[in-house]
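> Handing over start.cif, mmCIF, C-alpha atoms.
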```cif
data_data
#
loop_
_atom_site.label_atom_id
_atom_site.label_comp_id
_atom_site.auth_asym_id
_atom_site.auth_seq_id
_atom_site.Cartn_x
_atom_site.Cartn_y
_atom_site.Cartn_z
CA MET A 1 48.19 -67.03 -121.54
CA SER A 2 47.40 -64.78 -124.53
CA GLU A 3 44.19 -64.62 -126.56
CA GLU A 4 45.89 -66.70 -129.26
CA SER A 5 45.95 -70.38 -128.35
CA VAL A 6 48.70 -72.80 -129.16
CA PRO A 7 47.54 -75.13 -131.92
CA ALA A 8 47.26 -78.68 -130.69
CA GLY A 9 45.68 -80.11 -133.80
CA PRO A 10 43.78 -79.17 -136.96
CA GLU A 11 40.46 -78.60 -135.08
CA VAL A 12 41.81 -76.01 -132.61
CA ARG A 13 40.59 -72.46 -133.27
CA THR A 14 41.38 -69.23 -131.51
CA ARG A 15 38.70 -67.32 -129.65
CA ARG A 16 39.20 -64.38 -132.03
CA ALA A 17 38.66 -66.60 -135.09
CA MET A 18 35.49 -68.09 -133.58
CA LEU A 19 34.05 -64.66 -132.74
CA THR A 20 34.94 -63.30 -136.19
CA GLY A 21 33.26 -66.27 -137.87
CA ALA A 22 30.13 -65.94 -135.73
CA GLY A 23 29.94 -62.21 -136.50
CA ALA A 24 30.27 -62.85 -140.23
CA VAL A 25 27.50 -65.45 -140.14
CA GLY A 26 25.22 -63.05 -138.22
CA ALA A 27 25.90 -60.21 -140.65
CA ALA A 28 25.18 -62.47 -143.62
CA MET A 29 21.86 -63.53 -142.08
CA VAL A 30 20.82 -59.90 -141.51
CA LEU A 31 21.73 -58.94 -145.07
CA ALA A 32 19.87 -61.93 -146.49
CA ALA A 33 16.76 -61.05 -144.48
CA CYS A 34 16.88 -57.42 -145.61
CA GLY A 35 17.69 -58.06 -149.25
CA GLY A 36 15.65 -59.28 -152.13
CA GLU A 37 15.03 -58.31 -155.71
CA GLY A 38 13.12 -55.05 -155.87
CA ASP A 39 12.95 -54.80 -152.07
CA ASP A 40 12.34 -51.24 -150.92
CA GLY A 41 12.37 -52.08 -147.21
CA ALA A 42 8.59 -51.86 -146.90
CA ALA A 43 6.56 -54.71 -145.54
CA PRO A 44 4.66 -56.54 -148.26
CA SER A 45 0.95 -55.93 -148.51
CA PRO A 46 -1.19 -59.01 -148.04
CA GLY A 47 -3.70 -60.06 -150.66
CA PRO A 48 -3.65 -59.92 -154.42
CA GLN A 49 -2.04 -56.94 -156.08
CA ILE A 50 -2.95 -55.70 -159.55
CA THR A 51 0.07 -54.94 -161.70
CA ASN A 52 0.73 -53.19 -165.00
CA THR A 53 -1.68 -54.28 -167.70
CA GLY A 54 -0.36 -52.36 -170.71
CA ASP A 55 0.24 -48.92 -172.17
CA ALA A 56 -2.27 -46.29 -171.07
CA GLY A 57 -0.56 -43.40 -172.79
CA GLY A 58 -1.71 -44.21 -176.29
CA GLY A 59 1.70 -42.98 -177.46
CA ASP A 60 1.18 -39.39 -176.31
CA ARG A 61 3.23 -39.75 -173.10
CA GLU A 62 6.58 -41.47 -173.15
CA GLY A 63 6.75 -44.32 -170.62
CA ALA A 64 3.12 -44.04 -169.45
CA GLN A 65 2.11 -47.43 -168.08
CA SER A 66 -1.41 -48.55 -167.34
CA LEU A 67 -1.85 -49.64 -163.76
CA ALA A 68 -5.33 -51.08 -164.21
CA ARG A 69 -8.46 -51.05 -166.28
CA THR A 70 -11.40 -49.10 -164.93
CA THR A 71 -13.26 -52.41 -164.54
CA ASP A 72 -10.50 -53.63 -162.18
CA ILE A 73 -11.43 -51.01 -159.56
CA PRO A 74 -14.76 -51.80 -157.87
CA VAL A 75 -17.30 -49.04 -157.24
CA GLY A 76 -17.13 -48.23 -153.53
CA GLY A 77 -13.70 -49.88 -153.28
CA GLY A 78 -10.23 -49.76 -154.70
CA ALA A 79 -6.87 -51.45 -155.10
CA VAL A 80 -3.40 -50.95 -153.62
CA PHE A 81 -0.54 -50.72 -156.14
CA ALA A 82 2.33 -50.71 -153.65
CA ALA A 83 5.11 -51.17 -156.21
CA GLN A 84 3.83 -48.20 -158.23
CA GLY A 85 3.22 -46.07 -155.13
CA VAL A 86 -0.50 -45.47 -155.43
CA VAL A 87 -3.89 -46.57 -154.16
CA ILE A 88 -6.67 -46.17 -156.71
CA THR A 89 -10.27 -45.94 -155.53
CA GLN A 90 -13.66 -45.51 -157.19
CA PRO A 91 -15.98 -43.94 -154.58
CA THR A 92 -18.83 -43.58 -157.10
CA ALA A 93 -19.25 -44.98 -160.60
CA GLY A 94 -16.76 -43.37 -162.98
CA ASP A 95 -15.04 -41.24 -160.28
CA PHE A 96 -11.46 -42.48 -159.78
CA LYS A 97 -9.12 -41.16 -157.08
CA GLY A 98 -5.44 -41.72 -156.34
CA PHE A 99 -3.73 -41.68 -152.93
CA ASP A 100 -0.29 -42.30 -151.46
CA PRO A 101 -0.08 -45.91 -150.18
CA VAL A 102 1.89 -45.06 -147.02
CA CYS A 103 0.00 -44.60 -143.74
CA THR A 104 0.55 -41.16 -142.24
CA HIS A 105 0.72 -42.59 -138.71
CA GLN A 106 4.08 -44.37 -138.72
CA GLY A 107 4.85 -45.00 -142.38
CA CYS A 108 3.52 -48.54 -142.77
CA PRO A 109 2.18 -49.44 -146.21
CA VAL A 110 -1.60 -49.55 -146.38
CA SER A 111 -2.75 -53.09 -146.95
CA ASN A 112 -6.15 -53.07 -148.63
CA VAL A 113 -9.31 -51.22 -149.58
CA ASP A 114 -12.38 -52.70 -147.96
CA GLY A 115 -15.65 -51.47 -146.47
CA GLY A 116 -15.32 -48.04 -148.04
CA THR A 117 -11.92 -47.34 -146.46
CA ILE A 118 -8.24 -47.65 -147.25
CA ASN A 119 -6.85 -49.73 -144.39
CA CYS A 120 -3.52 -49.92 -142.62
CA THR A 121 -3.25 -53.10 -140.62
CA CYS A 122 -0.12 -52.02 -138.73
CA HIS A 123 -2.09 -49.98 -136.17
CA GLY A 124 -5.65 -49.95 -137.51
CA SER A 125 -5.86 -46.58 -139.25
CA LYS A 126 -8.60 -46.21 -141.87
CA PHE A 127 -8.84 -43.56 -144.58
CA SER A 128 -11.74 -42.40 -146.78
CA ILE A 129 -11.78 -43.68 -150.36
CA GLU A 130 -13.29 -40.32 -151.38
CA ASP A 131 -10.69 -37.86 -150.11
CA GLY A 132 -8.10 -39.79 -148.05
CA SER A 133 -9.32 -38.24 -144.79
CA VAL A 134 -8.86 -40.18 -141.55
CA LYS A 135 -11.91 -42.29 -140.67
CA ALA A 136 -10.24 -44.14 -137.75
CA GLY A 137 -6.93 -43.47 -135.98
CA PRO A 138 -4.33 -43.54 -134.65
CA ALA A 139 -3.42 -41.59 -137.83
CA THR A 140 -4.41 -37.92 -137.64
CA THR A 141 -3.30 -36.76 -141.10
CA PRO A 142 -5.08 -37.74 -144.35
CA LEU A 143 -3.40 -39.74 -147.10
CA PRO A 144 -1.92 -37.36 -149.68
CA ALA A 145 -3.61 -37.40 -153.10
CA ARG A 146 -1.73 -38.86 -156.09
CA ASN A 147 -2.48 -37.70 -159.62
CA ILE A 148 -3.91 -40.39 -161.86
CA LYS A 149 -5.15 -40.26 -165.44
CA VAL A 150 -8.08 -42.17 -166.88
CA ASP A 151 -7.82 -42.63 -170.64
CA GLY A 152 -10.66 -44.73 -172.02
CA ASP A 153 -10.69 -47.83 -169.84
CA GLN A 154 -7.05 -47.45 -168.70
CA ILE A 155 -5.82 -45.86 -165.45
CA ALA A 156 -2.23 -44.61 -165.15
CA LEU A 157 -0.22 -42.24 -163.01
CA ALA A 158 -0.50 -38.70 -164.36
#
```
Spit out the file's structure as structure tokens when you get a sec.


Amino acid sequence: MSEESVPAGPEVRTRRAMLTGAGAVGAAMVLAACGGEGDDGAAPSPGPQITNTGDAGGGDREGAQSLARTTDIPVGGGAVFAAQGVVITQPTAGDFKGFDPVCTHQGCPVSNVDGGTINCTCHGSKFSIEDGSVKAGPATTPLPARNIKVDGDQIALA
């Protein structure tokens, strides 16, 4: 007997057709799970995220977008702007710092700024809000600095 079966009625399917259909369904499920508007493949960060709040460039830089107001970033804390690719911290009053939001251990996105550290919940790494240095591993490399610009009460990428 061959792999093709002899049709005995409208419900009879070949093994090849069944396997092809199952494979197509599986592929569609994988693509649906991986897709999504604006998805960059990174795991979402839990908690509230601050988004663009207006133009920080004052017209002197084309396309400059404000990420936050200075009052949005707590002294001794910070905020993760995953979509914009930056963590902004304020270690001391009026001193704002920018860092890459990707953990240097295995590339997970950092999730929050709390207790004076930038935290990655994937494996527990913690980074200083002052200079991005490692405060707790397994990461061994600091978070790279990102250039930010403070103009009045607006903070934007430089």

> Return the single residue from A:Val134, A:Val150, A:Val110, A:Ala158 that is closest to A:Ala68, with distances computed using only C-alpha atoms.

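Closest residue, counting only C-alpha atoms: A:Val150.
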
> Ranking A:Asp95, A:Leu67, A:Asp72, A:Pro109 by minimum distance to A:Glu130 and counting all atoms listed in the file, which one comes first?

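Using all atoms listed in the file, A:Glu130 sits closest to A:Asp95.
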
> At a cut-off of 9 Å, using only C-alpha atoms, what residues contact A:Ala79? Leave out same-chain residues fewer than 3 positions from it and give the result as a list of chain:residue names.

A:Gln49, A:Ile50, A:Asp72, A:Ile73, A:Pro74, A:Val86, A:Val87, A:Ile88, A:Thr89, A:Asn112, A:Val113, A:Ile118

> Find, counting only C-alpha atoms, the residue in A:Gly94, A:Gly85, A:Gly116, A:Gly78 that gets nearest to A:Ser133.

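Closest residue, counting only C-alpha atoms: A:Gly116.
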
> Residues within 10 Å of A:Gly124, please, as a PyMOL selection string. Count all atoms listed in the file; anything in the same chain fewer than 4 positions from it doesn't count.

chain A and resi 103+105+110+119-120+136-139

> Can I get the selection written as a PDB file, in the coordinates of the input, with C-alpha atoms?


```pdb
ATOM      1  CA  CYS A 103       0.000 -44.600-143.740  1.00  0.00           C
ATOM      2  CA  HIS A 105       0.720 -42.590-138.710  1.00  0.00           C
ATOM      3  CA  VAL A 110      -1.600 -49.550-146.380  1.00  0.00           C
ATOM      4  CA  ASN A 119      -6.850 -49.730-144.390  1.00  0.00           C
ATOM      5  CA  CYS A 120      -3.520 -49.920-142.620  1.00  0.00           C
ATOM      6  CA  ALA A 136     -10.240 -44.140-137.750  1.00  0.00           C
ATOM      7  CA  GLY A 137      -6.930 -43.470-135.980  1.00  0.00           C
ATOM      8  CA  PRO A 138      -4.330 -43.540-134.650  1.00  0.00           C
ATOM      9  CA  ALA A 139      -3.420 -41.590-137.830  1.00  0.00           C
TER      10      ALA A 139
END
```

> In Å to one decimal, how far is atom CA of A:Ser128 from atom CA of A:Ser66?

23.8 Å

> Using the chain letters and numbering of this document, enumerate as an MDAnalysis selection string the residues selected by the PyMOL selection byres ((chain A and resi 148) around 7).

chainID A and resid 98 146:147 149:150 155:158

> Give the answer as one residue: which of A:Asp153, A:Cys122, A:Gly115, A:Gln65 has the shortest atom-to-atom distance to A:Lys135, using only C-alpha atoms?

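Nearest to A:Lys135: A:Gly115.
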